[in-house]
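Source file: data03.cif (mmCIF, C-alpha atoms)
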```
data_upload
#
loop_
_atom_site.label_atom_id
_atom_site.label_comp_id
_atom_site.auth_asym_id
_atom_site.auth_seq_id
_atom_site.Cartn_x
_atom_site.Cartn_y
_atom_site.Cartn_z
CA MET W 1 -16.63 10.73 -11.06
CA LYS W 2 -15.08 13.12 -8.60
CA ARG W 3 -13.52 15.95 -10.54
CA LYS W 4 -9.99 16.82 -9.61
CA CYS W 5 -8.38 20.16 -10.20
CA LEU W 6 -4.87 21.11 -9.27
CA ALA W 7 -4.27 24.85 -9.41
CA ILE W 8 -0.62 25.76 -9.58
CA PHE W 9 0.28 29.33 -8.77
CA VAL W 10 3.64 29.59 -10.42
CA SER W 11 4.63 33.10 -9.40
CA ALA W 12 4.78 34.70 -6.01
CA GLY W 13 2.30 37.35 -5.05
CA PHE W 14 3.42 40.93 -5.35
CA ALA W 15 2.75 44.00 -3.23
CA LEU W 16 1.72 47.32 -4.65
CA ALA W 17 3.34 50.43 -3.27
CA ALA W 18 0.91 52.85 -1.69
CA ALA W 19 1.53 55.45 -4.35
CA ALA W 20 1.24 53.03 -7.25
CA GLY W 21 -2.11 52.60 -8.94
CA PRO W 22 -3.48 49.38 -10.46
CA ALA W 23 -1.90 50.30 -13.79
CA GLN W 24 1.53 49.64 -12.25
CA ALA W 25 0.68 46.04 -11.35
CA ALA W 26 2.06 43.25 -13.48
CA LYS W 27 -0.55 41.70 -15.70
CA GLU W 28 -1.61 38.12 -15.05
CA ILE W 29 -2.37 35.55 -17.71
CA ARG W 30 -4.41 32.51 -16.72
CA ILE W 31 -3.39 29.43 -18.69
CA GLY W 32 -5.29 26.17 -18.50
CA PHE W 33 -3.31 22.98 -19.05
CA ILE W 34 -5.11 19.73 -19.90
CA ALA W 35 -3.22 16.43 -19.67
CA PRO W 36 -3.89 12.82 -18.60
CA MET W 37 -2.62 12.66 -15.02
CA THR W 38 -4.40 9.37 -14.29
CA GLY W 39 -5.17 6.33 -16.44
CA ILE W 40 -2.99 4.45 -18.94
CA PHE W 41 -1.42 7.67 -20.28
CA ALA W 42 -0.65 9.21 -16.88
CA GLN W 43 3.13 9.10 -17.28
CA ILE W 44 2.85 10.90 -20.61
CA GLY W 45 0.70 13.56 -18.97
CA LYS W 46 3.32 14.09 -16.28
CA ASP W 47 6.02 14.55 -18.92
CA MET W 48 3.80 17.09 -20.66
CA SER W 49 3.11 19.11 -17.53
CA ASN W 50 6.73 18.83 -16.35
CA GLY W 51 8.03 20.45 -19.54
CA PHE W 52 5.74 23.45 -19.18
CA LYS W 53 6.37 23.82 -15.45
CA MET W 54 10.13 23.60 -15.94
CA TYR W 55 10.04 26.58 -18.27
CA LEU W 56 7.98 28.57 -15.79
CA ALA W 57 10.35 27.65 -12.96
CA GLN W 58 13.32 28.88 -15.02
CA ASN W 59 11.56 32.22 -15.48
CA ASN W 60 10.21 32.67 -11.95
CA GLY W 61 6.66 32.23 -13.09
CA MET W 62 6.83 35.16 -15.48
CA MET W 63 6.50 35.46 -19.23
CA GLY W 64 8.07 38.80 -19.97
CA PRO W 65 6.00 41.47 -18.17
CA VAL W 66 3.17 39.03 -17.46
CA LYS W 67 2.88 36.72 -14.47
CA VAL W 68 1.39 33.28 -15.07
CA LYS W 69 -1.29 31.40 -13.20
CA LEU W 70 -1.28 27.81 -14.46
CA ILE W 71 -4.33 25.65 -13.82
CA LEU W 72 -3.76 21.95 -14.45
CA GLU W 73 -6.67 19.63 -15.24
CA ASP W 74 -6.62 15.83 -15.47
CA SER W 75 -8.17 14.68 -18.75
CA THR W 76 -7.74 10.93 -18.01
CA GLY W 77 -6.87 10.66 -21.73
CA LYS W 78 -10.53 10.60 -22.87
CA PRO W 79 -11.80 13.08 -25.50
CA SER W 80 -15.11 13.58 -23.68
CA VAL W 81 -13.32 14.43 -20.42
CA ASN W 82 -10.99 16.81 -22.29
CA ARG W 83 -14.04 18.69 -23.54
CA GLN W 84 -15.52 18.88 -20.04
CA LYS W 85 -12.27 20.15 -18.55
CA ALA W 86 -11.79 22.74 -21.28
CA ILE W 87 -15.29 24.11 -20.73
CA LYS W 88 -14.66 24.20 -16.97
CA LEU W 89 -11.41 26.12 -17.49
CA ILE W 90 -13.17 28.65 -19.72
CA ARG W 91 -16.37 29.15 -17.73
CA ARG W 92 -15.23 28.77 -14.13
CA ASP W 93 -11.53 29.66 -14.19
CA LYS W 94 -11.83 32.33 -16.88
CA VAL W 95 -8.58 31.25 -18.56
CA HIS W 96 -7.22 33.42 -21.33
CA LEU W 97 -6.00 30.37 -23.24
CA PHE W 98 -5.59 26.65 -22.74
CA VAL W 99 -2.88 24.20 -23.74
CA GLY W 100 -2.66 20.43 -23.92
CA GLY W 101 -4.59 17.34 -24.94
CA LEU W 102 -2.91 14.12 -26.02
CA LEU W 103 -4.64 11.98 -28.66
CA ALA W 104 -5.27 13.35 -32.16
CA SER W 105 -9.01 12.81 -31.62
CA THR W 106 -8.74 14.91 -28.47
CA GLY W 107 -7.21 17.78 -30.43
CA TYR W 108 -10.17 17.85 -32.81
CA ALA W 109 -12.55 17.93 -29.82
CA LEU W 110 -10.65 20.75 -28.09
CA GLY W 111 -10.48 22.77 -31.29
CA ALA W 112 -14.27 22.71 -31.48
CA VAL W 113 -14.52 23.92 -27.87
CA ALA W 114 -12.07 26.75 -28.60
CA ASP W 115 -14.16 28.01 -31.49
CA ARG W 116 -17.42 27.63 -29.57
CA PHE W 117 -16.18 29.83 -26.72
CA LYS W 118 -13.77 31.98 -28.76
CA THR W 119 -10.92 31.03 -26.44
CA LEU W 120 -7.44 30.27 -27.74
CA TYR W 121 -6.30 26.64 -27.73
CA ILE W 122 -2.61 25.81 -28.29
CA SER W 123 -1.83 22.21 -29.23
CA PRO W 124 1.65 20.89 -28.38
CA VAL W 125 0.84 17.16 -28.75
CA PRO W 126 -2.50 16.39 -30.49
CA ALA W 127 -1.40 16.07 -34.10
CA GLY W 128 -4.58 15.67 -36.15
CA ASP W 129 -3.62 16.58 -39.71
CA ASP W 130 -6.81 18.39 -40.66
CA MET W 131 -6.54 20.93 -37.85
CA THR W 132 -4.01 22.78 -40.02
CA GLN W 133 -5.20 21.60 -43.41
CA ARG W 134 -8.80 21.51 -44.62
CA LYS W 135 -10.69 22.35 -41.41
CA PRO W 136 -8.57 24.64 -39.22
CA PRO W 137 -10.33 25.97 -36.12
CA LYS W 138 -10.17 29.77 -35.90
CA TYR W 139 -9.07 29.92 -32.25
CA PHE W 140 -6.31 27.38 -32.60
CA ILE W 141 -2.51 27.36 -32.79
CA ARG W 142 -0.31 24.32 -33.22
CA SER W 143 3.11 24.28 -31.57
CA GLY W 144 3.82 20.58 -32.14
CA PHE W 145 3.41 18.69 -35.41
CA THR W 146 0.94 16.92 -37.68
CA SER W 147 0.58 13.16 -37.42
CA SER W 148 1.91 12.52 -40.91
CA GLN W 149 4.70 15.12 -40.86
CA GLY W 150 7.45 12.68 -39.90
CA SER W 151 6.03 9.84 -41.98
CA HIS W 152 6.71 11.42 -45.37
CA PRO W 153 10.51 11.70 -44.93
CA LEU W 154 10.61 8.32 -43.16
CA ALA W 155 9.05 6.79 -46.28
CA ASP W 156 11.74 8.38 -48.42
CA TRP W 157 14.42 7.07 -46.09
CA ALA W 158 12.94 3.55 -46.19
CA TYR W 159 12.76 3.53 -49.99
CA ASP W 160 16.34 4.79 -50.20
CA GLN W 161 17.45 1.81 -48.05
CA GLY W 162 16.05 -0.56 -50.66
CA PHE W 163 12.76 -1.51 -48.97
CA ARG W 164 10.04 -2.16 -51.52
CA ARG W 165 7.34 -4.28 -49.78
CA ILE W 166 6.18 -3.18 -46.34
CA VAL W 167 3.42 -4.27 -43.93
CA ALA W 168 1.82 -1.46 -41.91
CA VAL W 169 0.51 -2.04 -38.38
CA GLY W 170 -1.17 0.92 -36.69
CA GLN W 171 -3.37 1.87 -33.77
CA ASP W 172 -7.02 2.05 -34.78
CA TYR W 173 -7.71 5.78 -34.37
CA ALA W 174 -6.97 9.12 -36.07
CA PHE W 175 -3.26 9.39 -35.19
CA GLY W 176 -2.63 5.84 -36.41
CA TYR W 177 -4.47 6.42 -39.68
CA GLU W 178 -2.60 9.64 -40.37
CA VAL W 179 0.89 8.38 -39.50
CA ILE W 180 0.42 5.23 -41.58
CA GLY W 181 -1.39 7.12 -44.34
CA GLY W 182 1.43 9.64 -44.76
CA PHE W 183 4.02 6.89 -44.90
CA GLN W 184 2.00 4.87 -47.42
CA ARG W 185 1.33 7.80 -49.74
CA GLN W 186 4.97 8.87 -49.95
CA PHE W 187 6.35 5.31 -50.06
CA GLU W 188 4.06 4.37 -52.95
CA ARG W 189 4.78 7.64 -54.76
CA ARG W 190 8.41 6.52 -54.76
CA GLY W 191 7.50 3.10 -56.18
CA GLY W 192 7.19 0.98 -53.03
CA LYS W 193 4.19 -1.13 -52.01
CA ILE W 194 2.23 -1.45 -48.78
CA ILE W 195 1.17 -5.09 -48.99
CA LYS W 196 -0.94 -5.25 -45.81
CA LYS W 197 -2.57 -2.80 -43.39
CA ILE W 198 -3.45 -4.04 -39.91
CA TRP W 199 -5.31 -1.99 -37.29
CA ALA W 200 -5.00 -2.79 -33.59
CA LYS W 201 -7.27 -1.28 -30.96
CA LEU W 202 -5.78 1.62 -29.00
CA GLY W 203 -4.26 0.25 -25.80
CA THR W 204 -3.73 -3.27 -27.19
CA LYS W 205 -1.32 -5.34 -25.09
CA ASP W 206 -1.86 -8.73 -26.73
CA PHE W 207 -0.97 -8.75 -30.42
CA GLY W 208 -1.61 -12.48 -30.80
CA PRO W 209 -4.59 -11.94 -33.14
CA TYR W 210 -2.65 -9.53 -35.36
CA LEU W 211 0.80 -11.06 -35.76
CA PRO W 212 -0.32 -13.96 -38.00
CA GLN W 213 -1.55 -11.37 -40.52
CA ILE W 214 2.00 -10.07 -41.12
CA SER W 215 3.59 -11.43 -44.29
CA ARG W 216 6.96 -12.96 -43.44
CA ASP W 217 8.36 -12.09 -46.85
CA ALA W 218 7.91 -8.34 -46.32
CA ASP W 219 11.05 -6.19 -46.41
CA ALA W 220 10.04 -4.34 -43.24
CA VAL W 221 7.13 -3.50 -40.94
CA MET W 222 5.96 0.06 -40.35
CA ALA W 223 4.42 0.19 -36.86
CA LEU W 224 2.68 3.09 -35.18
CA MET W 225 2.29 2.29 -31.49
CA VAL W 226 1.18 4.45 -28.56
CA GLY W 227 1.29 3.98 -24.78
CA PRO W 228 1.38 0.36 -23.55
CA SER W 229 1.25 -0.93 -27.13
CA SER W 230 4.70 0.58 -27.73
CA LEU W 231 6.14 -1.88 -25.23
CA ALA W 232 4.05 -4.90 -26.16
CA PHE W 233 4.30 -4.90 -29.96
CA PRO W 234 8.07 -5.15 -30.61
CA LYS W 235 8.53 -7.72 -27.84
CA GLN W 236 5.79 -9.99 -29.18
CA PHE W 237 6.85 -9.31 -32.78
CA ARG W 238 10.38 -10.61 -32.14
CA ALA W 239 9.14 -13.45 -29.93
CA ALA W 240 7.02 -14.63 -32.87
CA GLY W 241 10.19 -15.04 -34.92
CA PHE W 242 9.97 -12.02 -37.22
CA LYS W 243 13.43 -10.88 -38.35
CA MET W 244 12.67 -7.99 -40.70
CA PRO W 245 13.42 -4.37 -39.70
CA LEU W 246 10.93 -2.34 -37.70
CA LEU W 247 10.06 1.23 -38.65
CA GLY W 248 7.78 3.50 -36.66
CA GLY W 249 6.37 6.86 -35.72
CA ILE W 250 7.73 9.06 -32.96
CA THR W 251 5.66 7.39 -30.22
CA SER W 252 6.85 3.89 -31.13
CA ALA W 253 10.34 4.22 -29.62
CA ASP W 254 10.68 7.67 -28.07
CA GLU W 255 13.01 8.27 -25.12
CA PHE W 256 9.88 8.24 -22.99
CA ILE W 257 9.45 4.50 -23.60
CA LEU W 258 13.04 3.32 -24.24
CA PRO W 259 14.01 2.75 -20.57
CA SER W 260 11.28 0.09 -20.38
CA MET W 261 12.26 -1.70 -23.61
CA GLY W 262 14.73 -4.54 -24.17
CA ASP W 263 16.76 -6.06 -27.00
CA GLU W 264 13.63 -6.34 -29.13
CA ALA W 265 13.93 -2.58 -29.75
CA ILE W 266 17.52 -2.64 -31.09
CA GLY W 267 17.53 -1.44 -34.68
CA TYR W 268 14.05 0.14 -34.46
CA VAL W 269 14.04 3.14 -36.83
CA THR W 270 11.57 5.93 -36.07
CA ALA W 271 10.96 9.48 -37.24
CA GLY W 272 10.16 12.52 -35.18
CA GLN W 273 10.78 16.22 -34.66
CA TYR W 274 12.76 15.65 -31.45
CA SER W 275 15.15 13.22 -29.82
CA ALA W 276 16.94 13.52 -26.50
CA ALA W 277 19.94 12.25 -28.51
CA LEU W 278 20.31 15.50 -30.47
CA GLU W 279 23.93 16.58 -30.12
CA THR W 280 23.45 20.30 -29.52
CA GLU W 281 24.35 22.48 -26.55
CA LYS W 282 20.74 23.62 -26.19
CA ASN W 283 19.41 20.05 -26.08
CA ASN W 284 22.15 18.81 -23.73
CA ALA W 285 21.32 21.58 -21.27
CA PHE W 286 17.60 20.79 -21.51
CA VAL W 287 18.09 17.06 -20.97
CA LYS W 288 20.44 17.54 -18.01
CA GLU W 289 18.15 19.96 -16.22
CA TYR W 290 15.10 17.80 -16.89
CA GLN W 291 16.87 14.83 -15.32
CA GLN W 292 17.93 16.88 -12.33
CA ARG W 293 14.40 18.10 -11.73
CA TYR W 294 12.40 14.96 -12.48
CA GLY W 295 14.83 12.04 -12.34
CA LYS W 296 14.08 10.76 -15.84
CA MET W 297 15.01 11.25 -19.48
CA ALA W 298 13.38 14.08 -21.39
CA SER W 299 10.93 13.06 -24.12
CA TYR W 300 9.23 14.75 -27.01
CA TYR W 301 6.23 15.25 -24.72
CA SER W 302 8.31 17.35 -22.32
CA GLU W 303 10.21 19.19 -25.06
CA THR W 304 7.11 20.21 -26.97
CA THR W 305 5.35 21.70 -23.93
CA TYR W 306 8.57 23.43 -22.84
CA THR W 307 8.84 24.97 -26.31
CA THR W 308 5.16 25.94 -26.21
CA ALA W 309 5.79 27.92 -23.02
CA LEU W 310 8.79 29.61 -24.67
CA TRP W 311 6.65 30.51 -27.69
CA ILE W 312 3.92 32.03 -25.51
CA HIS W 313 6.58 33.99 -23.63
CA LYS W 314 8.12 35.41 -26.80
CA THR W 315 4.66 36.38 -28.08
CA LEU W 316 3.81 38.24 -24.89
CA GLU W 317 7.11 40.10 -25.13
CA LYS W 318 6.29 41.23 -28.67
CA ILE W 319 2.82 42.64 -28.02
CA ASN W 320 1.22 44.96 -25.52
CA TRP W 321 -0.95 42.11 -24.36
CA ASN W 322 -4.65 42.81 -24.22
CA PRO W 323 -6.62 39.84 -22.78
CA ASP W 324 -9.55 40.76 -25.01
CA ASP W 325 -7.55 40.78 -28.25
CA THR W 326 -6.95 37.10 -28.95
CA ALA W 327 -6.56 37.78 -32.67
CA ALA W 328 -3.47 39.95 -32.04
CA PHE W 329 -1.88 37.22 -29.94
CA ILE W 330 -2.49 34.62 -32.66
CA ARG W 331 -1.07 36.87 -35.38
CA GLU W 332 2.12 37.55 -33.44
CA PHE W 333 2.58 33.91 -32.39
CA LYS W 334 2.51 32.87 -36.02
CA LYS W 335 5.17 35.43 -37.01
CA ILE W 336 7.80 34.36 -34.49
CA ARG W 337 10.71 32.13 -35.46
CA ILE W 338 12.32 30.17 -32.65
CA ASN W 339 15.61 28.36 -32.22
CA ALA W 340 14.07 25.76 -29.92
CA VAL W 341 15.51 22.76 -28.12
CA ARG W 342 14.44 20.58 -31.04
CA GLY W 343 15.78 22.94 -33.69
CA PRO W 344 14.64 25.95 -35.76
CA LEU W 345 10.85 26.44 -35.92
CA TYR W 346 8.35 28.66 -37.67
CA ILE W 347 4.68 28.52 -38.62
CA GLY W 348 4.01 27.74 -42.27
CA SER W 349 1.35 29.23 -44.52
CA HIS W 350 -1.39 26.88 -43.31
CA GLY W 351 -0.67 27.13 -39.58
CA ASN W 352 1.56 24.13 -38.93
CA VAL W 353 5.13 24.16 -37.61
CA VAL W 354 7.91 23.84 -40.21
CA GLN W 355 10.76 21.98 -38.51
CA ASN W 356 13.49 19.36 -38.77
CA ILE W 357 12.50 15.71 -38.88
CA TYR W 358 15.05 13.32 -37.42
CA ILE W 359 15.40 9.67 -38.41
CA ARG W 360 16.41 7.85 -35.22
CA LYS W 361 17.74 4.33 -34.73
CA VAL W 362 17.72 2.47 -31.40
CA GLN W 363 21.05 1.07 -30.27
CA ARG W 364 22.83 0.18 -27.05
CA VAL W 365 25.43 2.64 -25.82
CA SER W 366 28.73 1.60 -24.27
CA GLY W 367 29.06 4.46 -21.80
CA ASN W 368 27.56 7.64 -20.42
CA ARG W 369 26.23 9.27 -23.56
CA LEU W 370 27.47 12.89 -23.76
CA GLY W 371 27.36 13.10 -19.96
CA LEU W 372 23.57 12.91 -20.05
CA GLY W 373 23.23 10.21 -17.43
CA VAL W 374 22.56 7.41 -19.93
CA ARG W 375 23.85 4.30 -18.19
CA SER W 376 26.29 1.95 -19.90
CA ASN W 377 24.56 -0.64 -22.10
CA SER W 378 21.30 1.33 -22.09
CA LEU W 379 19.07 1.74 -25.12
CA TRP W 380 19.41 5.08 -26.84
CA ASN W 381 18.20 6.67 -30.05
CA LYS W 382 20.90 7.77 -32.46
CA VAL W 383 19.99 10.38 -35.07
CA ILE W 384 21.06 8.88 -38.38
CA ARG W 385 19.52 11.40 -40.80
CA THR W 386 18.10 14.90 -40.55
CA TYR W 387 15.51 16.25 -43.00
CA PRO W 388 15.58 20.05 -42.51
CA ALA W 389 12.61 22.43 -42.59
CA VAL W 390 9.91 19.82 -43.26
CA SER W 391 6.39 21.19 -43.73
CA GLN W 392 3.18 19.23 -43.31
CA PHE W 393 2.96 18.96 -47.11
CA TYR W 394 6.57 17.76 -47.51
CA LYS W 395 7.48 17.85 -51.23
CA THR W 396 3.93 18.27 -52.55
CA PRO W 397 2.52 21.75 -53.31
CA ALA W 398 -0.10 22.64 -50.71
CA GLU W 399 -2.87 23.09 -53.25
CA GLU W 400 -2.26 19.63 -54.69
CA PHE W 401 -1.94 18.01 -51.26
CA LEU W 402 -5.22 19.50 -50.01
CA LYS W 403 -7.16 18.09 -52.95
CA GLN W 404 -6.75 14.59 -51.52
CA PRO W 405 -8.87 13.42 -48.55
CA VAL W 406 -7.41 13.54 -45.06
CA TYR W 407 -5.56 10.30 -44.26
CA SER W 408 -8.00 7.82 -42.76
CA LYS W 409 -8.67 4.13 -42.26
CA SER W 410 -9.77 3.90 -45.89
CA TYR W 411 -7.45 6.47 -47.51
CA PRO W 412 -5.05 5.74 -49.10
CA GLY W 413 -6.63 2.48 -50.22
CA CYS W 414 -4.51 -0.65 -50.03
CA LYS W 415 -4.22 -1.49 -53.72
CA TYR W 416 -1.31 -3.87 -53.22
CA CYS W 417 -2.77 -5.72 -50.24
CA LYS W 418 -3.02 -9.49 -50.52
#
```
Can the structure in the file be given as structure tokens, please?
Amino acid sequence: MKRKCLAIFVSAGFALAAAAGPAQAAKEIRIGFIAPMTGIFAQIGKDMSNGFKMYLAQNNGMMGPVKVKLILEDSTGKPSVNRQKAIKLIRRDKVHLFVGGLLASTGYALGAVADRFKTLYISPVPAGDDMTQRKPPKYFIRSGFTSSQGSHPLADWAYDQGFRRIVAVGQDYAFGYEVIGGFQRQFERRGGKIIKKIWAKLGTKDFGPYLPQISRDADAVMALMVGPSSLAFPKQFRAAGFKMPLLGGITSADEFILPSMGDEAIGYVTAGQYSAALETEKNNAFVKEYQQRYGKMASYYSETTYTTALWIHKTLEKINWNPDDTAAFIREFKKIRINAVRGPLYIGSHGNVVQNIYIRKVQRVSGNRLGLGVRSNSLWNKVIRTYPAVSQFYKTPAEEFLKQPVYSKSYPGCKYCK
């Protein structure tokens, strides 16, 4: 396969005055950025890179006193390619840190590369739970979320609505297991029952083999869908005659996918740490500028990389950056509290972001929503409940939480399954 590399020099060159020595020159930080720019997740990769590049454009390619050289690599969405590109960025491009990845499995792979080469990896999207729980890589920072972080409060919300018997349908890989696992554990702790767990291959577009397994007497279906499956599942679910409510993870009905969905998505309730529908001045400004620059609605993919760039910037402002002192950068990054586009953020005791989780419900809007360019009669998420300052452990003490296995295809077991 021909390897593609797009190097983006995001700040203009600078001239040194004759009398000024090298010590007067602005420092340069080389940041690698890995995202799927081709393949079935290409549009997600573009949202990811757009968010980071928008922040750099706003700051003239500088992060405080440091100019940025951004090197973008196409991962194609495959963990093995992510590893190859990370190693290339470290060995050939001599990056000081790298950002990116998409799938939870990719995050685990990139964390291993970071530790092998002692090069910092910052994860805005890969959400593998155990990267900030039982097996945290040393050269790793998370700026996004854990897979199950939104699932715990969503389970509480579902139980509070009166749902007691739910079928879970998830994508058959780490992110799916962890999103569904977190929902199941909290829902059953409250007294509810998961009566069926169904796993569909990542990238599934035909859910014909899976739909007959859904019990029609369930109170609701909890669905974790990613990529093309996010479009296919609700459409085929409703076409098959299912009337019960749909619940889901952040990727199931994010603003990234809503413009391509139809009436089948109305009423879909999902949980996540961001929504373009947040009614704050900071978010409105972000959404408007993102639309002006890229001609599309902002998504959590673009917000999380934008916020990652902000976080790096604030860290570089706090320290006298030494490229050889990665430990100092990590320590300072973890101390900083940010009022981000998605809300207030800080790093908890085990390295994951503590942040708001928003329960969002898809509806049609009658007019231009908050002047954000949402056309009349378009689908739009409405935030119906906010759970503030949610940690990856939710309401369980960390020590107790970490005694259980990481959420997986087999844990929690399905004791109420028929």
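If you apply the PyMOL selection byres ((chain W and resi 172) around 9) to this structure, you end up with W:Gly170, W:Gln171, W:Tyr173, W:Ala174, W:Phe175, W:Gly176, W:Tyr177, W:Ile198, W:Trp199, W:Ala200, W:Lys201, W:Leu202, W:Lys409.
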Find the spatial neighbours of Cys414 in chain W, counting all atoms listed in the file, within a cut-off of 8 Å - ignore same-chain residues fewer than 3 positions away - and output them as a count of residues only. 5
Within 6 Å of range 295-303 of chain W using all atoms listed in the file, minus same-chain residues under 6 positions, as a list in words: Asp47, Met48, Gly51, Glu255, Phe256, Tyr274 and Val287 of chain W
Nearest residue to Gly262 in chain W from the set W:Leu379, W:Gly101, W:Ile250, W:Tyr306 (distances using all atoms listed in the file): W:Leu379
For the structure shown, which residues end up in the PyMOL selection byres ((chain W and resi 150-158) around 7)? Put them as a PyMOL selection string, please? chain W and resi 148-149+159-163+179+182-183+186-187+249+271-272+357+359+394
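Proximity of W:Lys314, W:Gln184, W:Ala35, W:Ala57 to Pro126 in chain W, computed with all atoms listed in the file, is greatest for W:Ala35.
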Which of these, W:Ile266, W:Ala277, W:Leu231, W:Ala389, has the shortest distance to Val362 in chain W once you count only C-alpha atoms? W:Ile266
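The list of residues with at least one atom within 7 Å of range 244-246 of chain W, based on all atoms listed in the file and without residues fewer than 2 positions apart in the same chain, reads Asp219, Ala220, Val221, Met222, Phe242, Gly248, Tyr268 and Val269 of chain W.
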Kindly list the centre and edge lengths in Å, rounded to one decimal, for the axis-aligned box that covers all listed atoms of range 286-301 of chain W plus 4 Å on each of its six sides, as JSON.
```
{"center_x": 13.3, "center_y": 15.8, "center_z": -19.4, "size_x": 22.2, "size_y": 18.0, "size_z": 23.3}
```
Explicit residues for the PyMOL selection byres ((chain W and resi 32) around 7) (as a PDB file with C-alpha atoms, in the frame of the given file):
```pdb
ATOM      1  CA  ARG W  30      -4.410  32.510 -16.720  1.00  0.00           C
ATOM      2  CA  ILE W  31      -3.390  29.430 -18.690  1.00  0.00           C
ATOM      3  CA  PHE W  33      -3.310  22.980 -19.050  1.00  0.00           C
ATOM      4  CA  ILE W  34      -5.110  19.730 -19.900  1.00  0.00           C
ATOM      5  CA  LEU W  70      -1.280  27.810 -14.460  1.00  0.00           C
ATOM      6  CA  ILE W  71      -4.330  25.650 -13.820  1.00  0.00           C
ATOM      7  CA  LEU W  72      -3.760  21.950 -14.450  1.00  0.00           C
ATOM      8  CA  LEU W  89     -11.410  26.120 -17.490  1.00  0.00           C
ATOM      9  CA  VAL W  95      -8.580  31.250 -18.560  1.00  0.00           C
ATOM     10  CA  LEU W  97      -6.000  30.370 -23.240  1.00  0.00           C
ATOM     11  CA  PHE W  98      -5.590  26.650 -22.740  1.00  0.00           C
ATOM     12  CA  VAL W  99      -2.880  24.200 -23.740  1.00  0.00           C
TER      13      VAL W  99
END
```
Distance in Å - CA of Pro65 in chain W versus CA of Lys334 in chain W: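 CA of Lys334 in chain W lies 20.1 Å from CA of Pro65 in chain W.
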With all atoms listed in the file as the counted atoms, please give the residues lying no more than 10 Å from Lys78 in chain W, apart from itself and same-chain residues fewer than 2 positions off, as a ChimeraX atom specification. /W:35-36,39,41,74-76,80-83,101-103,105-106
Given all atoms listed in the file as the basis, pick out the residue of W:Phe145, W:Tyr407, W:Phe207, W:Phe233 nearest to Gly351 in chain W.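 The answer is W:Phe145, which sits nearest to Gly351 in chain W.
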